[in-house]
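Engineer: Handing over protein29.cif, mmCIF, C-alpha atoms.
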```cif
data_query
loop_
_atom_site.group_PDB
_atom_site.id
_atom_site.type_symbol
_atom_site.label_atom_id
_atom_site.label_comp_id
_atom_site.auth_asym_id
_atom_site.auth_seq_id
_atom_site.Cartn_x
_atom_site.Cartn_y
_atom_site.Cartn_z
ATOM 1 C CA MET U 1 0.000 0.000 0.000
ATOM 2 C CA MET U 2 1.290 3.456 -0.841
ATOM 3 C CA PRO U 3 1.988 5.815 2.086
ATOM 4 C CA SER U 4 -0.578 8.241 0.669
ATOM 5 C CA THR U 5 -3.222 5.472 0.673
ATOM 6 C CA ILE U 6 -2.437 4.620 4.290
ATOM 7 C CA ALA U 7 -2.856 8.288 5.227
ATOM 8 C CA LEU U 8 -6.259 8.320 3.501
ATOM 9 C CA LEU U 9 -7.386 5.231 5.430
ATOM 10 C CA ARG U 10 -6.657 7.148 8.646
ATOM 11 C CA SER U 11 -8.547 10.216 7.431
ATOM 12 C CA GLN U 12 -11.553 11.655 9.233
ATOM 13 C CA ASN U 13 -13.184 12.242 5.831
ATOM 14 C CA PRO U 14 -15.401 9.213 5.026
ATOM 15 C CA GLU U 15 -15.208 9.871 1.269
ATOM 16 C CA LEU U 16 -11.397 9.692 1.312
ATOM 17 C CA VAL U 17 -11.534 6.469 3.350
ATOM 18 C CA ARG U 18 -13.996 5.003 0.816
ATOM 19 C CA ILE U 19 -11.777 5.682 -2.211
ATOM 20 C CA ALA U 20 -8.693 4.374 -0.381
ATOM 21 C CA ARG U 21 -10.500 1.094 0.355
ATOM 22 C CA GLN U 22 -11.426 0.791 -3.313
ATOM 23 C CA GLY U 23 -7.776 0.726 -4.399
ATOM 24 C CA PHE U 24 -6.882 4.420 -4.628
ATOM 25 C CA PHE U 25 -3.634 5.094 -6.470
ATOM 26 C CA PRO U 26 -2.302 8.658 -6.806
ATOM 27 C CA LEU U 27 -1.815 9.712 -10.426
ATOM 28 C CA LYS U 28 0.148 12.857 -9.615
ATOM 29 C CA MET U 29 2.071 13.817 -6.495
ATOM 30 C CA THR U 30 3.803 17.138 -5.904
ATOM 31 C CA PHE U 31 6.475 17.638 -3.260
ATOM 32 C CA SER U 32 8.011 20.806 -1.899
ATOM 33 C CA GLY U 33 11.426 20.728 -0.313
ATOM 34 C CA PRO U 34 14.446 22.830 0.499
ATOM 35 C CA ASN U 35 15.797 22.341 -3.043
ATOM 36 C CA GLY U 36 12.552 23.294 -4.784
ATOM 37 C CA ASP U 37 9.454 21.515 -5.986
ATOM 38 C CA ALA U 38 9.219 18.144 -7.698
ATOM 39 C CA SER U 39 6.322 16.127 -9.029
ATOM 40 C CA TRP U 40 5.674 12.556 -10.088
ATOM 41 C CA THR U 41 3.047 11.890 -12.756
ATOM 42 C CA VAL U 42 1.785 8.448 -13.745
ATOM 43 C CA VAL U 43 2.188 7.802 -17.454
ATOM 44 C CA SER U 44 0.973 4.185 -17.490
ATOM 45 C CA ILE U 45 -0.385 1.528 -15.130
ATOM 46 C CA ASP U 46 0.302 -2.180 -15.472
ATOM 47 C CA ARG U 47 -1.859 -4.223 -13.102
ATOM 48 C CA ARG U 48 -0.087 -7.525 -13.750
ATOM 49 C CA ARG U 49 1.755 -9.046 -10.797
ATOM 50 C CA PRO U 50 5.520 -8.510 -11.228
ATOM 51 C CA ASP U 51 7.650 -11.630 -11.519
ATOM 52 C CA ALA U 52 9.090 -12.735 -8.149
ATOM 53 C CA SER U 53 12.581 -12.798 -9.714
ATOM 54 C CA LEU U 54 12.545 -8.987 -9.767
ATOM 55 C CA PHE U 55 12.765 -9.045 -5.978
ATOM 56 C CA GLN U 56 15.743 -11.425 -5.747
ATOM 57 C CA PRO U 57 19.396 -10.346 -5.606
ATOM 58 C CA PRO U 58 21.180 -10.733 -8.938
ATOM 59 C CA ALA U 59 23.359 -13.794 -9.525
ATOM 60 C CA GLY U 60 26.875 -13.360 -8.206
ATOM 61 C CA TYR U 61 26.088 -10.486 -5.847
ATOM 62 C CA THR U 62 28.311 -9.940 -2.825
ATOM 63 C CA GLU U 63 26.779 -8.961 0.484
ATOM 64 C CA MET U 64 28.466 -5.942 2.011
ATOM 65 C CA VAL U 65 28.610 -6.033 5.799
ATOM 66 C CA MET U 66 29.419 -2.816 7.607
ATOM 67 C CA PRO U 67 30.673 -3.769 11.084
ATOM 68 C CA SER U 68 30.162 -0.291 12.511
ATOM 69 C CA MET U 69 26.442 -0.402 11.751
ATOM 70 C CA PRO U 70 24.145 -1.417 14.626
ATOM 71 C CA ALA U 71 22.082 -4.563 14.208
ATOM 72 C CA MET U 72 19.021 -3.999 12.076
ATOM 73 C CA PRO U 73 15.639 -5.610 12.815
ATOM 74 C CA GLY U 74 14.975 -8.650 10.648
ATOM 75 C CA ARG U 75 18.628 -9.083 9.683
ATOM 76 C CA LYS U 76 20.278 -12.456 10.212
ATOM 77 C CA PRO U 77 23.111 -12.317 12.772
#
```
Represent the structure contained in this file as structure tokens.

Structural biologist:
Amino acid sequence: MMPSTIALLRSQNPELVRIARQGFFPLKMTFSGPNGDASWTVVSIDRRRPDASLFQPPAGYTEMVMPSMPAMPGRKP
């Protein structure tokens, strides 16, 4: 779920909650920051489920362990 959809589900506006429950997806988002404004605009939507291989590390990758980093939740010791 997109962060913006989660925020809508917590909204006090029942109409916003309704559209979030129906699968709301923002088509344009505009951000303001210290370096100026930026926006993201959807140009196409593909509702097919992405292949699970897209979420696997590439063959031959090397894990980089940074010993000075504190343990992270969910990470194998």

Engineer: Tell me, in Å to one decimal, how far atom CA of Trp40 of chain U is from atom CA of Lys28 of chain U.

Structural biologist: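 Spanning atom CA of Trp40 of chain U to atom CA of Lys28 of chain U is a straight-line distance of 5.6 Å.
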
Engineer: Carefully work through the PyMOL selection byres ((chain U and resi 29-31) around 12) for this structure and note down the residues it includes, as an mmCIF file with C-alpha atoms, in the frame of the given file.

Structural biologist:
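See out-v4.cif below for the written result:
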```cif
data_model
loop_
_atom_site.group_PDB
_atom_site.id
_atom_site.type_symbol
_atom_site.label_atom_id
_atom_site.label_comp_id
_atom_site.auth_asym_id
_atom_site.auth_seq_id
_atom_site.Cartn_x
_atom_site.Cartn_y
_atom_site.Cartn_z
ATOM 1 C CA MET U 2 1.290 3.456 -0.841
ATOM 2 C CA PRO U 3 1.988 5.815 2.086
ATOM 3 C CA SER U 4 -0.578 8.241 0.669
ATOM 4 C CA PHE U 25 -3.634 5.094 -6.470
ATOM 5 C CA PRO U 26 -2.302 8.658 -6.806
ATOM 6 C CA LEU U 27 -1.815 9.712 -10.426
ATOM 7 C CA LYS U 28 0.148 12.857 -9.615
ATOM 8 C CA SER U 32 8.011 20.806 -1.899
ATOM 9 C CA GLY U 33 11.426 20.728 -0.313
ATOM 10 C CA PRO U 34 14.446 22.830 0.499
ATOM 11 C CA ASN U 35 15.797 22.341 -3.043
ATOM 12 C CA GLY U 36 12.552 23.294 -4.784
ATOM 13 C CA ASP U 37 9.454 21.515 -5.986
ATOM 14 C CA ALA U 38 9.219 18.144 -7.698
ATOM 15 C CA SER U 39 6.322 16.127 -9.029
ATOM 16 C CA TRP U 40 5.674 12.556 -10.088
ATOM 17 C CA THR U 41 3.047 11.890 -12.756
ATOM 18 C CA VAL U 42 1.785 8.448 -13.745
#
```

Engineer: Enclose segment 40-44 of chain U, meaning all of its atoms listed in the file, in a box aligned along x, y and z, pad it by 4 Å on each side, and list the centre and edge lengths in Å to one decimal, as lines of an AutoDock Vina configuration file.

Structural biologist:
```
center_x = 3.3
center_y = 8.4
center_z = -13.8
size_x = 12.7
size_y = 16.4
size_z = 15.4
```

Engineer: Atom CA of Ala20 of chain U and atom CA of Arg49 of chain U are how many Å apart?

Structural biologist: 19.9 Å

Engineer: For the atom pair atom CA of Leu54 of chain U and atom CA of Ile19 of chain U, what is the interatomic distance in Å to one decimal place?

Structural biologist: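 Atom CA of Ile19 of chain U lies 29.4 Å from atom CA of Leu54 of chain U.
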
Engineer: Could you please fill out segment 45-70 of chain U with N, CA and C atoms and send it back as a compact mmCIF listing (two decimals), in the coordinates of the input?

Structural biologist:
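Writing done, so here's rebuild_8.txt:
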```txt
# COMPACT_ATOMS: atom_id res chain seq x y z
N ILE U 45 -0.14 2.44 -16.25
CA ILE U 45 -0.38 1.53 -15.13
C ILE U 45 -0.45 0.12 -15.68
N ASP U 46 0.31 -0.78 -15.09
CA ASP U 46 0.30 -2.18 -15.47
C ASP U 46 -0.14 -2.96 -14.24
N ARG U 47 -1.30 -3.55 -14.27
CA ARG U 47 -1.86 -4.22 -13.10
C ARG U 47 -1.41 -5.68 -12.97
N ARG U 48 -0.57 -6.15 -13.88
CA ARG U 48 -0.09 -7.52 -13.75
C ARG U 48 0.86 -7.64 -12.56
N ARG U 49 0.86 -8.79 -11.92
CA ARG U 49 1.76 -9.05 -10.80
C ARG U 49 3.18 -9.17 -11.32
N PRO U 50 4.14 -8.40 -10.76
CA PRO U 50 5.52 -8.51 -11.23
C PRO U 50 6.11 -9.88 -10.89
N ASP U 51 6.99 -10.35 -11.74
CA ASP U 51 7.65 -11.63 -11.52
C ASP U 51 8.47 -11.60 -10.23
N ALA U 52 8.38 -12.66 -9.43
CA ALA U 52 9.09 -12.74 -8.15
C ALA U 52 10.60 -12.57 -8.32
N SER U 53 11.13 -12.91 -9.49
CA SER U 53 12.58 -12.80 -9.71
C SER U 53 13.06 -11.35 -9.65
N LEU U 54 12.17 -10.40 -9.85
CA LEU U 54 12.54 -8.99 -9.77
C LEU U 54 12.93 -8.58 -8.34
N PHE U 55 12.52 -9.38 -7.37
CA PHE U 55 12.76 -9.04 -5.98
C PHE U 55 13.86 -9.91 -5.36
N GLN U 56 14.63 -10.59 -6.19
CA GLN U 56 15.74 -11.42 -5.75
C GLN U 56 17.06 -10.73 -6.09
N PRO U 57 18.09 -10.93 -5.25
CA PRO U 57 19.40 -10.35 -5.61
C PRO U 57 19.91 -10.96 -6.90
N PRO U 58 20.65 -10.20 -7.68
CA PRO U 58 21.18 -10.73 -8.94
C PRO U 58 22.22 -11.83 -8.68
N ALA U 59 22.38 -12.71 -9.64
CA ALA U 59 23.36 -13.79 -9.52
C ALA U 59 24.75 -13.20 -9.33
N GLY U 60 25.50 -13.79 -8.43
CA GLY U 60 26.88 -13.36 -8.21
C GLY U 60 27.02 -12.12 -7.33
N TYR U 61 25.96 -11.68 -6.69
CA TYR U 61 26.09 -10.49 -5.85
C TYR U 61 26.93 -10.80 -4.62
N THR U 62 27.53 -9.79 -4.05
CA THR U 62 28.31 -9.94 -2.82
C THR U 62 27.67 -9.08 -1.75
N GLU U 63 27.37 -9.71 -0.61
CA GLU U 63 26.78 -8.96 0.48
C GLU U 63 27.85 -8.11 1.14
N MET U 64 27.53 -6.85 1.36
CA MET U 64 28.47 -5.94 2.01
C MET U 64 28.03 -5.78 3.46
N VAL U 65 28.91 -6.14 4.38
CA VAL U 65 28.61 -6.03 5.80
C VAL U 65 29.43 -4.89 6.36
N MET U 66 28.74 -3.97 7.01
CA MET U 66 29.42 -2.82 7.61
C MET U 66 29.45 -3.03 9.12
N PRO U 67 30.60 -3.42 9.67
CA PRO U 67 30.67 -3.77 11.08
C PRO U 67 30.33 -2.63 12.03
N SER U 68 30.45 -1.39 11.61
CA SER U 68 30.16 -0.29 12.51
C SER U 68 28.67 0.03 12.58
N MET U 69 27.88 -0.65 11.74
CA MET U 69 26.44 -0.40 11.75
C MET U 69 25.79 -1.23 12.86
N PRO U 70 24.85 -0.64 13.60
CA PRO U 70 24.14 -1.42 14.63
C PRO U 70 23.28 -2.48 13.97
```
